[in-house]
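One structure below.
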Amino acid sequence: MAEGLYKERFDGRTVNEVRPMTAKVGIVPSADGSASFETGGTKAIAVVRGPRTLHPQHMQDGQTGILRVNYGMMPFSVWDRIRPGPNRRSEEIGKVCEWALNSVVDLSGFQNTVVDVFIQIPKADAGTRVAGLNAAAMALAHAGLPMKQMLTAIAVGKADKTLLVDVDKAEEDFHDGEGATDVPLAITSRTKEIALLQLDGKISPAELAESIEMGKKACDDILKVQMEALKNVTGESNE
Amino acid sequence: MAEKRQIVVPGETIVSGNEFLPGDGAYRDGTDVVAGRYGIANIFEKHVRVVPVSGAYYPRRGNTLIATVVDITFNGWLLDFGGAQNAFLPVSEVPRYVNKNEMAEFLDFGEAVIVKVWDVKSRGVDASMKMRGFGKIEGGMIIAIGPNKVPRVIGREGSMVKMIKGATGCDVTVGQNGKVWIAGKDADMEVATRKIVEFIADNATITGLTEKVESFIKELGLKVEAPVEVVAEDTDVEAEN
């Protein structure tokens, strides 16, 4: 590992190592599509409902269906209780997830309708929005919606001077030296384009470029997990 | 590259080669034919399609729908069939004369109908009732099995429905929107029919379903009439799609 204060990862992973992942598709029978995605201590559930007629009517778009993403952390997902209900953070994350997912789904054939995506986080240990995006992409595919490709997401971080793939909460809270930086990014599966890129903390342009490359590599592994889950669905959902 | 009849994930290359034509649920990217939705890839004479295995119901022209009346307008009825939009049934597409002032006399709120999809437009679906086998539903029961199980309940060339009808004597109408109407002379037979249909829906992913259903019918103490001709087992999930 590079020089700096953070020499060895708390959980013994290498810098490029993603926490162990599990993915499941079809977890909610009443939904049109559903999936869960778990990495280490973070778990996300995504449920897709729709396309269905959008109300209020003035929000309808006569040219295309719209995507609406709702993100929320469950009250018990972290050590101290989170007040249930929407808040500034969850609204924002829902919005950026919506933009990211909009780059892969094609709702142009469903005018005046809405597709609702609900992302819930029952367990949180950093990287919830990327876990949510991974689950949501699977759920949207499971809902049978037209999609050009899949979407995979990963959070790359930096603790002091060390770049790390898939940071957990302990690393996100690293205070020594340069402190912690968090770069969540989402990559489309086929064209390898960036669908989401956020930055929280300080990072040099060179390091940012490197962390994107690291994230892209990790996304290949995540895609394998997603595809595996989608290909091994037994017993379909839908009532 | 995906094999024939394999589940594909959006963005996955199904086949490579310029001779292949992307159909429903597939698109071309360079020389690759790529899945544009999640489902089973079906390659038939260089024509590549992706047949959905899950998700909501998308109406297509010619589909049979079992729907309920949710609104009455001045020139027709709005029907809810469990899709993204409602279907519209104009008075002119009803098999008899209906006085526009007394439309509820013919079809009232909450009443169920069997209709045909006449046209699918961006604003909704146009339905028609002007053919044999379509009309208002009276008596019997409607059960929901989900649109993705429908092909299995119908079977190849309707073989499964025929078998159920033969065993129970009940009338079974399957709507492509995932609803089934069962009507018979007595309630016991209707319940038995319902059990069989639900059995098929629960085991929709199994191969060799016809035999399993036959033995299930026998378990219920019913007879399987006229041995169903053994046309290659309908592992075909998209039959009648």
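Naming works like this for the structure tokens: A, B, ... for the chains as they're shown, residue 1 at the start of each chain, ligands 1 onward in shown order.
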Using only C-alpha atoms, find each residue in chain B having at least one atom no more than 8 Å away from chain A; report its shortest atom-to-atom pair and that distance in Å (one decimal), rows by chain then rising number, as CSV.
```
residue,atom,partner,partner_atom,distance
B:Ile7,CA,A:Lys231,CA,5.8
B:Val8,CA,A:Lys231,CA,7.1
B:Val9,CA,A:Met227,CA,6.5
B:Pro10,CA,A:Gln149,CA,4.5
B:Gly11,CA,A:Gln149,CA,3.7
B:Glu12,CA,A:Gln149,CA,7.3
B:Gly25,CA,A:Pro146,CA,7.0
B:Ala35,CA,A:Lys148,CA,7.4
B:Gly36,CA,A:Lys148,CA,5.0
B:Arg37,CA,A:Pro146,CA,4.8
B:Tyr38,CA,A:Ala141,CA,5.4
B:Gly39,CA,A:Gly144,CA,7.3
B:Pro52,CA,A:Gly144,CA,5.9
B:Val53,CA,A:Gly144,CA,7.4
B:Ser54,CA,A:Gly144,CA,5.8
B:Gly55,CA,A:Ala143,CA,3.8
B:Ala56,CA,A:Asp32,CA,5.4
B:Gly83,CA,A:Arg52,CA,6.9
B:Ala84,CA,A:Arg52,CA,3.9
B:Gln85,CA,A:Thr53,CA,5.7
B:Ser122,CA,A:Gln111,CA,5.8
B:Arg123,CA,A:Gln111,CA,6.9
B:Ala144,CA,A:Glu239,CA,7.3
B:Ile145,CA,A:Glu239,CA,6.1
B:Gly146,CA,A:Asn238,CA,5.4
B:Pro147,CA,A:Asn238,CA,7.9
B:Asn148,CA,A:Asn238,CA,7.8
B:Asp202,CA,A:Gly235,CA,7.7
B:Asn203,CA,A:Gly235,CA,7.7
B:Ala204,CA,A:Gly235,CA,7.7
B:Thr205,CA,A:Gly235,CA,6.4
```
- Message: Please identify the strand (DSSP E) residues within chain A (assignment by DSSP from backbone atoms) and present them as an MDAnalysis selection string.
- Response: chainID A and resid 21:25 33:39 42:53 66:73 113:123 151:159 162:165 180:188 194:197
- Message: If DSSP is run on the backbone, what residues of range 7-108 of chain A are helix (DSSP H, G or I)? A reply as JSON, numbers by chain would be ideal.
- Response: {"A": [57, 58, 59, 88, 89, 90, 91, 92, 93, 94, 95, 96, 97, 98, 99, 100, 101, 102]}
Can you pull out every residue within 10 Å of Val161 in chain B, counting only C-alpha atoms, but drop anything in the same chain fewer than 6 positions away, and send it as a PDB file with N, CA and C atoms, in the first residue's frame?
```
ATOM      1  N   ARG B 152     -48.387 -20.396 -19.862  1.00  0.00           N
ATOM      2  CA  ARG B 152     -48.397 -21.752 -19.310  1.00  0.00           C
ATOM      3  C   ARG B 152     -49.825 -22.234 -19.066  1.00  0.00           C
ATOM      4  N   VAL B 153     -50.694 -21.341 -18.593  1.00  0.00           N
ATOM      5  CA  VAL B 153     -52.077 -21.737 -18.328  1.00  0.00           C
ATOM      6  C   VAL B 153     -52.791 -22.081 -19.634  1.00  0.00           C
ATOM      7  N   ILE B 154     -52.473 -21.327 -20.673  1.00  0.00           N
ATOM      8  CA  ILE B 154     -53.095 -21.610 -21.968  1.00  0.00           C
ATOM      9  C   ILE B 154     -52.502 -22.878 -22.578  1.00  0.00           C
ATOM     10  N   GLY B 155     -51.191 -23.016 -22.466  1.00  0.00           N
ATOM     11  CA  GLY B 155     -50.528 -24.178 -23.046  1.00  0.00           C
ATOM     12  C   GLY B 155     -50.372 -24.035 -24.539  1.00  0.00           C
ATOM     13  N   ALA B 167     -61.676 -31.666 -17.768  1.00  0.00           N
ATOM     14  CA  ALA B 167     -61.702 -32.326 -16.463  1.00  0.00           C
ATOM     15  C   ALA B 167     -62.814 -31.799 -15.566  1.00  0.00           C
ATOM     16  N   ASP B 171     -66.111 -23.405 -17.666  1.00  0.00           N
ATOM     17  CA  ASP B 171     -65.645 -22.530 -18.717  1.00  0.00           C
ATOM     18  C   ASP B 171     -64.456 -21.734 -18.178  1.00  0.00           C
ATOM     19  N   VAL B 172     -63.347 -21.767 -18.892  1.00  0.00           N
ATOM     20  CA  VAL B 172     -62.161 -21.044 -18.436  1.00  0.00           C
ATOM     21  C   VAL B 172     -61.754 -20.049 -19.511  1.00  0.00           C
ATOM     22  N   THR B 173     -61.725 -18.778 -19.165  1.00  0.00           N
ATOM     23  CA  THR B 173     -61.270 -17.759 -20.105  1.00  0.00           C
ATOM     24  C   THR B 173     -60.041 -17.082 -19.511  1.00  0.00           C
ATOM     25  N   VAL B 174     -58.950 -17.103 -20.266  1.00  0.00           N
ATOM     26  CA  VAL B 174     -57.707 -16.514 -19.776  1.00  0.00           C
ATOM     27  C   VAL B 174     -57.467 -15.198 -20.500  1.00  0.00           C
ATOM     28  N   VAL B 197     -55.780 -24.039 -11.820  1.00  0.00           N
ATOM     29  CA  VAL B 197     -55.163 -22.864 -12.447  1.00  0.00           C
ATOM     30  C   VAL B 197     -54.064 -22.314 -11.548  1.00  0.00           C
TER      31      VAL B 197
END
```
- Fewer than 2 positions away in the same chain doesn't count, so skip those; otherwise give me all residues within 8 Å of range 126-136 of chain B, counting only C-alpha atoms, as a count of residues only. 21
- Interatomic distance (Å, one decimal) between CA of Gly177 in chain A and CA of Phe10 in chain A: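 Between CA of Gly177 in chain A and CA of Phe10 in chain A the gap works out to 16.4 Å.
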- Message: Set the distance at 10 Å and use only C-alpha atoms: which residues neighbour Leu5 in chain A once local chain neighbours fewer than 2 positions away are removed? I'd like the list as a PyMOL selection string.
- Response: chain A and resi 2-3+7-8+159-162+174+176-179
- Message: Just to confirm, what's the straight-line distance from CA of Tyr6 in chain A to CA of Asp80 in chain A in Å (one decimal)?
- Response: 26.5 Å
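You will find CA of Asp125 in chain A at 5.6 Å from CA of Asp168 in chain A.
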- Among listed residues A:Val225, A:Met214, A:Val47, A:Pro122, nearest Trp79 in chain A (using only C-alpha atoms):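 Of A:Val225, A:Met214, A:Val47, A:Pro122, the one nearest Trp79 in chain A, counting only C-alpha atoms, is A:Pro122.
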- Task: For Leu222 in chain B, list every protein, DNA or RNA residue within 10 Å, evaluated using only C-alpha atoms, and leave out those in the same chain fewer than 4 positions away; present the list as a list in words.
- Result: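 Selected residues are Gly166, Ala167, Thr168, Met189, Ala192, Glu214, Ser215, Phe216, Ile217 and Lys218 of chain B.
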- Task: Would you kindly return, as number ranges by chain, each protein, DNA or RNA residue with an atom no farther than 6 Å from any atom of Ala124 in chain A, considering only C-alpha atoms and excluding same-chain residues fewer than 5 positions away?
- Result: A: 42, 77-78
For N, CA and C atoms, I'd like the residues from the last selection saved as a CSV table (one decimal), in the first residue's frame.
```csv
chain,number,residue,atom,x,y,z
A,42,THR,N,-23.7,-3.3,4.3
A,42,THR,CA,-24.7,-2.4,3.6
A,42,THR,C,-25.6,-3.3,2.8
A,77,SER,N,-31.3,1.3,10.5
A,77,SER,CA,-30.2,0.9,9.7
A,77,SER,C,-28.8,1.3,10.2
A,78,VAL,N,-28.8,2.2,11.1
A,78,VAL,CA,-27.5,2.6,11.7
A,78,VAL,C,-27.6,2.6,13.2
```
